[in-house]
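Only one structure is covered here, and it is reproduced in the block below.
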Amino acid sequence: MAQFLWVIFPYLCIAVLVVGTIYRYSYDQIGWGSKSSEILEKRLLRWGSLLFHWGLVFVFFGHVMGLLIPIQFYQWLGVSSEFYHMNAEIFGGLTGLAAWVGILLLLIRRIVNKRVRLNSSPSDYVALCMLFIVVSLGLYVTTIYDSIHGPYEYRTSVGPWFRQVLTLHPQAALMLHAPLVLQMHAISAFLLFAISPFTRLVHIWSAPFAYITRAPILYRSRAQYRKAREETVNRYY
Ligand code: HEM
């Protein structure tokens with residue numbers, strides 16, 4: 001079971017993610033992306049989306065610091081374990097809470113608002129529910145679990161295991177003594193990666209970074225356009 005969960009399962013999910021994304025991109029160009037529902041409801045979307053996306057951006061950097069950067073680097077810098085975990089709890093807790101409130105608002109909006117509900121597909125609910133589960137479990141570890149049991153040193157277990165997954169030689173033993181809720185967080189995160197190609201989450205791969213550098217598009221109202229056109233016509237003809 002341990003071999004399946006911590007060695008085989010992550011690669012199954014990564015394989016589904018890669019093959020599924022290529023398949024979806026090849027056969028569903030029109031449906032690719034995250035169909036906007038802003039026209040149907042704006043208020044909850046603005047708050048939910050902003051809190052969720054900004055929260056998650058900072059949570060992502062927190063994961064890079066906790067999972068990808070080895071503990072030896074912090075020791076070399078002279079950062080104590082207490083100082084590291086205090087910051088992880090404060091900043092991880094706040095940014096995780098922002099992401100959690102955001103996803104909750106987006107989920108409530110999709111269930112409660114009739115116009116949004118009628119324009120939603122089952123995959124929209126699957127994506128939101130999976131995100132809600134993953135974020136809730138992560139936030140539980142950082143806030144509730146850590147305050148009850150004290151901070152768990154994932155930089156000597158989950159972190160090395162995660163890096164081993166990326167370098168293709170994971171050892172299941174590293175995950176065996178991690179708290180159950182953290183194990184569930186990691187498993188549900190991989191499950192989220194696996195379902196993502198079949199949901200609106202594919203928009204992650206098409207984030208509109210080109211907006212930053214592309215030439216601006218100028219929109220003019222038709223009324224003014226007509227006025228300007230008439231003025232030009234009067235002037236020259
Ligand atoms: C397999 C991949 C992942 C692993 C191994 C992992 C591991 C962890 C760990 C060890 C923590 C505890 C951090 C702490 O207490 O300081 C955590 C927290 C958290 N995780 Fe993950 N995580 C993964 C993927 C994800 C994904 C995909 C999301 C969101 C979609 C996510 C959202 C969160 C949140 C919101 C928290 C609480 C805030 C924070 O501490 O940053 N995680 N995760």
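Going through the structure tokens in order, the chains are called A, B, and so on, while each chain numbers its residues from 1 and the ligands are numbered from 1 in the order shown.
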Which residues are near ligand 1 in this structure, taking near to mean any atom at most 7 Å from a ligand atom and counting only C-alpha atoms and all ligand atoms? Format them as a tab-separated table (two decimals) with N, CA and C atoms, in the first residue's frame.
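Listed below is the output, result.tsv:
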```
chain	number	residue	atom	x	y	z
A	56	LEU	N	-3.20	31.89	-3.31
A	56	LEU	CA	-2.51	30.72	-3.85
A	56	LEU	C	-1.12	31.05	-4.39
A	59	VAL	N	0.94	30.99	-1.36
A	59	VAL	CA	1.03	29.60	-0.88
A	59	VAL	C	2.03	28.83	-1.75
A	62	GLY	N	5.41	29.58	-0.65
A	62	GLY	CA	5.61	28.90	0.62
A	62	GLY	C	5.98	27.45	0.40
A	63	HIS	N	5.33	26.80	-0.58
A	63	HIS	CA	5.64	25.40	-0.89
A	63	HIS	C	7.05	25.26	-1.47
A	66	GLY	N	9.30	25.43	1.50
A	66	GLY	CA	9.23	24.30	2.43
A	66	GLY	C	9.54	22.96	1.81
A	67	LEU	N	9.25	22.82	0.51
A	67	LEU	CA	9.40	21.50	-0.11
A	67	LEU	C	10.62	21.41	-1.03
A	85	HIS	N	9.43	27.91	11.42
A	85	HIS	CA	8.04	27.45	11.56
A	85	HIS	C	7.11	28.56	12.03
A	88	ALA	N	6.36	30.29	8.89
A	88	ALA	CA	5.52	29.44	8.03
A	88	ALA	C	4.08	29.46	8.54
A	89	GLU	N	3.92	29.46	9.87
A	89	GLU	CA	2.57	29.45	10.43
A	89	GLU	C	1.86	30.78	10.21
A	92	GLY	N	2.01	31.38	6.09
A	92	GLY	CA	1.26	30.28	5.46
A	92	GLY	C	-0.19	30.31	5.92
A	93	GLY	N	-0.39	30.60	7.21
A	93	GLY	CA	-1.75	30.64	7.76
A	93	GLY	C	-2.57	31.74	7.10
A	95	THR	N	-1.99	33.47	4.21
A	95	THR	CA	-2.21	33.33	2.76
A	95	THR	C	-3.10	32.11	2.48
A	96	GLY	N	-2.93	31.05	3.28
A	96	GLY	CA	-3.79	29.87	3.13
A	96	GLY	C	-5.23	30.22	3.44
A	99	ALA	N	-6.75	32.08	0.53
A	99	ALA	CA	-7.10	31.14	-0.55
A	99	ALA	C	-8.34	30.34	-0.17
A	100	TRP	N	-8.44	29.96	1.10
A	100	TRP	CA	-9.57	29.14	1.55
A	100	TRP	C	-10.88	29.92	1.48
A	131	LEU	N	-10.26	21.53	-5.14
A	131	LEU	CA	-9.43	22.63	-4.63
A	131	LEU	C	-9.77	22.91	-3.18
A	134	VAL	N	-8.17	20.18	-0.99
A	134	VAL	CA	-6.70	20.30	-0.89
A	134	VAL	C	-6.32	21.49	-0.01
A	135	VAL	N	-6.95	22.65	-0.29
A	135	VAL	CA	-6.61	23.86	0.47
A	135	VAL	C	-7.02	23.71	1.94
A	136	SER	N	-8.20	23.10	2.21
A	136	SER	CA	-8.66	22.93	3.60
A	136	SER	C	-7.68	22.04	4.38
A	138	GLY	N	-4.47	21.46	3.74
A	138	GLY	CA	-3.20	22.17	3.93
A	138	GLY	C	-3.32	23.20	5.05
A	139	LEU	N	-4.42	23.96	5.01
A	139	LEU	CA	-4.62	24.99	6.02
A	139	LEU	C	-4.80	24.36	7.41
A	141	VAL	N	-3.35	21.67	8.49
A	141	VAL	CA	-2.01	21.31	8.99
A	141	VAL	C	-1.32	22.55	9.57
A	142	THR	N	-1.31	23.64	8.79
A	142	THR	CA	-0.57	24.84	9.18
A	142	THR	C	-1.16	25.52	10.42
A	146	ASP	N	-0.80	22.24	13.80
A	146	ASP	CA	0.42	22.79	14.40
A	146	ASP	C	0.16	23.38	15.78
A	151	PRO	N	4.70	22.40	15.61
A	151	PRO	CA	4.99	22.28	14.18
A	151	PRO	C	5.63	20.94	13.82
A	154	TYR	N	8.27	18.94	8.37
A	154	TYR	CA	8.09	18.29	7.06
A	154	TYR	C	9.33	18.47	6.17
A	158	VAL	N	8.49	15.07	4.20
A	158	VAL	CA	7.68	15.37	3.01
A	158	VAL	C	8.52	16.09	1.95
A	159	GLY	N	9.33	17.04	2.39
A	159	GLY	CA	10.16	17.82	1.46
A	159	GLY	C	11.10	16.92	0.65
A	162	PHE	N	9.18	14.72	-1.75
A	162	PHE	CA	8.66	15.44	-2.91
A	162	PHE	C	9.78	15.69	-3.94
A	182	LEU	N	-1.61	15.46	6.69
A	182	LEU	CA	-0.63	15.91	5.70
A	182	LEU	C	-0.51	14.87	4.57
A	185	HIS	N	-3.38	15.49	2.46
A	185	HIS	CA	-3.16	16.72	1.68
A	185	HIS	C	-2.34	16.41	0.42
A	186	ALA	N	-1.27	15.65	0.58
A	186	ALA	CA	-0.38	15.35	-0.55
A	186	ALA	C	-1.11	14.46	-1.58
A	187	ILE	N	-1.84	13.44	-1.08
A	187	ILE	CA	-2.56	12.54	-2.00
A	187	ILE	C	-3.64	13.32	-2.77
A	189	ALA	N	-3.66	16.46	-3.38
A	189	ALA	CA	-3.03	17.40	-4.31
A	189	ALA	C	-2.68	16.68	-5.62
A	190	PHE	N	-2.15	15.45	-5.52
A	190	PHE	CA	-1.82	14.71	-6.74
A	190	PHE	C	-3.08	14.36	-7.53
A	192	LEU	N	-5.72	16.16	-7.57
A	192	LEU	CA	-6.10	17.42	-8.21
A	192	LEU	C	-5.31	17.62	-9.51
```
Long-range neighbours of Ala15 (chain A) as number ranges by chain, 10 Å cut-off, only C-alpha atoms, 5 positions minimum in chain:
A: 9-10, 20-21, 193-194
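Within the 12 Å cut-off around Ile22 (chain A), using only C-alpha atoms and omitting residues fewer than 5 positions from it on the same chain, the listed residues are Ala15, Val16, Leu17, Tyr27, Asp28, Gln29, Trp32, Pro197, Phe198, Val202 and Trp205 of chain A.
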Kindly save the residues from that selection, with C-alpha atoms included, as a compact mmCIF listing (two decimals), in the first residue's frame.
```
# COMPACT_ATOMS: atom_id res chain seq x y z
CA ALA A 15 1.12 10.76 -16.38
CA VAL A 16 -2.63 11.55 -16.52
CA LEU A 17 -1.79 15.26 -16.14
CA TYR A 27 -8.85 17.94 -29.42
CA ASP A 28 -10.60 20.74 -27.51
CA GLN A 29 -9.03 24.04 -28.53
CA TRP A 32 -9.61 25.25 -23.62
CA PRO A 197 -6.72 18.52 -17.63
CA PHE A 198 -10.44 17.68 -17.77
CA VAL A 202 -6.20 24.10 -17.86
CA TRP A 205 -1.12 26.85 -18.76
```
Quick one: pick out all helix (DSSP H, G or I) residues within region 11-231 of chain A from a backbone DSSP run and write them as a PyMOL selection string.
chain A and resi 11-27+43-68+71-77+81-112+114-118+122-149+154-156+158-166+172-175+180-198+200-206+210-213+222-231
Pro160 (chain A) surroundings by only C-alpha atoms, 8 Å radius, close-in-sequence under 5 positions cut, as a PyMOL selection string
chain A and resi 67-68+70+155+174
At most 10 Å is the cut-off: for each residue in region 65-110 of chain A with any atom that close to an atom of region 115-127 of chain A, write down the nearest atom pair and the distance in Å rounded to one decimal, counting only C-alpha atoms, chain first then increasing number, as JSON lines.
```
{"residue": "A:Leu107", "atom": "CA", "partner": "A:Tyr125", "partner_atom": "CA", "distance": 7.6}
{"residue": "A:Arg109", "atom": "CA", "partner": "A:Val116", "partner_atom": "CA", "distance": 7.4}
{"residue": "A:Arg110", "atom": "CA", "partner": "A:Arg117", "partner_atom": "CA", "distance": 5.3}
```
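Considering only C-alpha atoms, the residue among A:Leu166, A:Arg229, A:Ile195, A:Gly150 positioned nearest to Pro179 (chain A) is A:Gly150.
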Counting only C-alpha atoms, give me one row per residue of region 82-179 of chain A with an atom at most 6 Å from an atom of region 44-52 of chain A, showing the shortest contact pair and its distance in Å to one decimal, sorted by chain then residue number, as CSV.
```
residue,atom,partner,partner_atom,distance
A:Ala98,CA,A:Leu51,CA,5.3
A:Ala99,CA,A:Phe52,CA,4.0
A:Gly102,CA,A:Gly48,CA,4.0
A:Ile103,CA,A:Phe52,CA,5.7
A:Leu105,CA,A:Gly48,CA,5.1
A:Leu106,CA,A:Gly48,CA,5.3
```
File of the preceding selection, N, CA and C atoms, as a tab-separated table (two decimals), in the first residue's frame:
```
chain	number	residue	atom	x	y	z
A	98	ALA	N	-6.62	33.18	3.11
A	98	ALA	CA	-7.14	33.99	2.00
A	98	ALA	C	-7.59	33.06	0.86
A	99	ALA	N	-6.75	32.08	0.53
A	99	ALA	CA	-7.10	31.14	-0.55
A	99	ALA	C	-8.34	30.34	-0.17
A	102	GLY	N	-11.45	32.47	-0.38
A	102	GLY	CA	-11.71	32.71	-1.80
A	102	GLY	C	-12.39	31.52	-2.46
A	103	ILE	N	-11.86	30.34	-2.23
A	103	ILE	CA	-12.42	29.15	-2.89
A	103	ILE	C	-13.82	28.86	-2.34
A	105	LEU	N	-15.97	31.16	-1.30
A	105	LEU	CA	-16.88	32.12	-1.95
A	105	LEU	C	-17.21	31.66	-3.37
A	106	LEU	N	-16.19	31.18	-4.09
A	106	LEU	CA	-16.42	30.74	-5.48
A	106	LEU	C	-17.34	29.53	-5.53
```
Per residue of region 136-223 of chain A within 9 Å of region 33-36 of chain A, which atom pair is closest and at what distance in Å (one decimal), using only C-alpha atoms, listed by chain and increasing number, as CSV?
```
residue,atom,partner,partner_atom,distance
A:Thr199,CA,A:Ser34,CA,8.4
A:Arg200,CA,A:Ser34,CA,4.7
A:Leu201,CA,A:Ser34,CA,6.9
A:Val202,CA,A:Gly33,CA,5.7
A:His203,CA,A:Gly33,CA,4.3
A:Ile204,CA,A:Gly33,CA,8.2
A:Trp205,CA,A:Gly33,CA,8.6
A:Ser206,CA,A:Gly33,CA,7.2
```
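Counting from CA of Ile8 (chain A), the distance to CA of Thr156 (chain A) is 21.2 Å.
Excluding Tyr84 (chain A) itself and any same-chain residue fewer than 6 positions from it, the protein and nucleic acid residues within 10 Å of it, counting only C-alpha atoms, are A:Met65, A:Gly66, A:Ile71, A:Tyr74.
With only C-alpha atoms as the atoms that count, the minimum distance from Leu5 (chain A) to the choices A:Tyr237, A:Ala223, A:Ala228, A:Pro170 is reached by A:Pro170.
Here CA of Gln75 (chain A) stands at a distance of 24.7 Å from CA of Leu176 (chain A).
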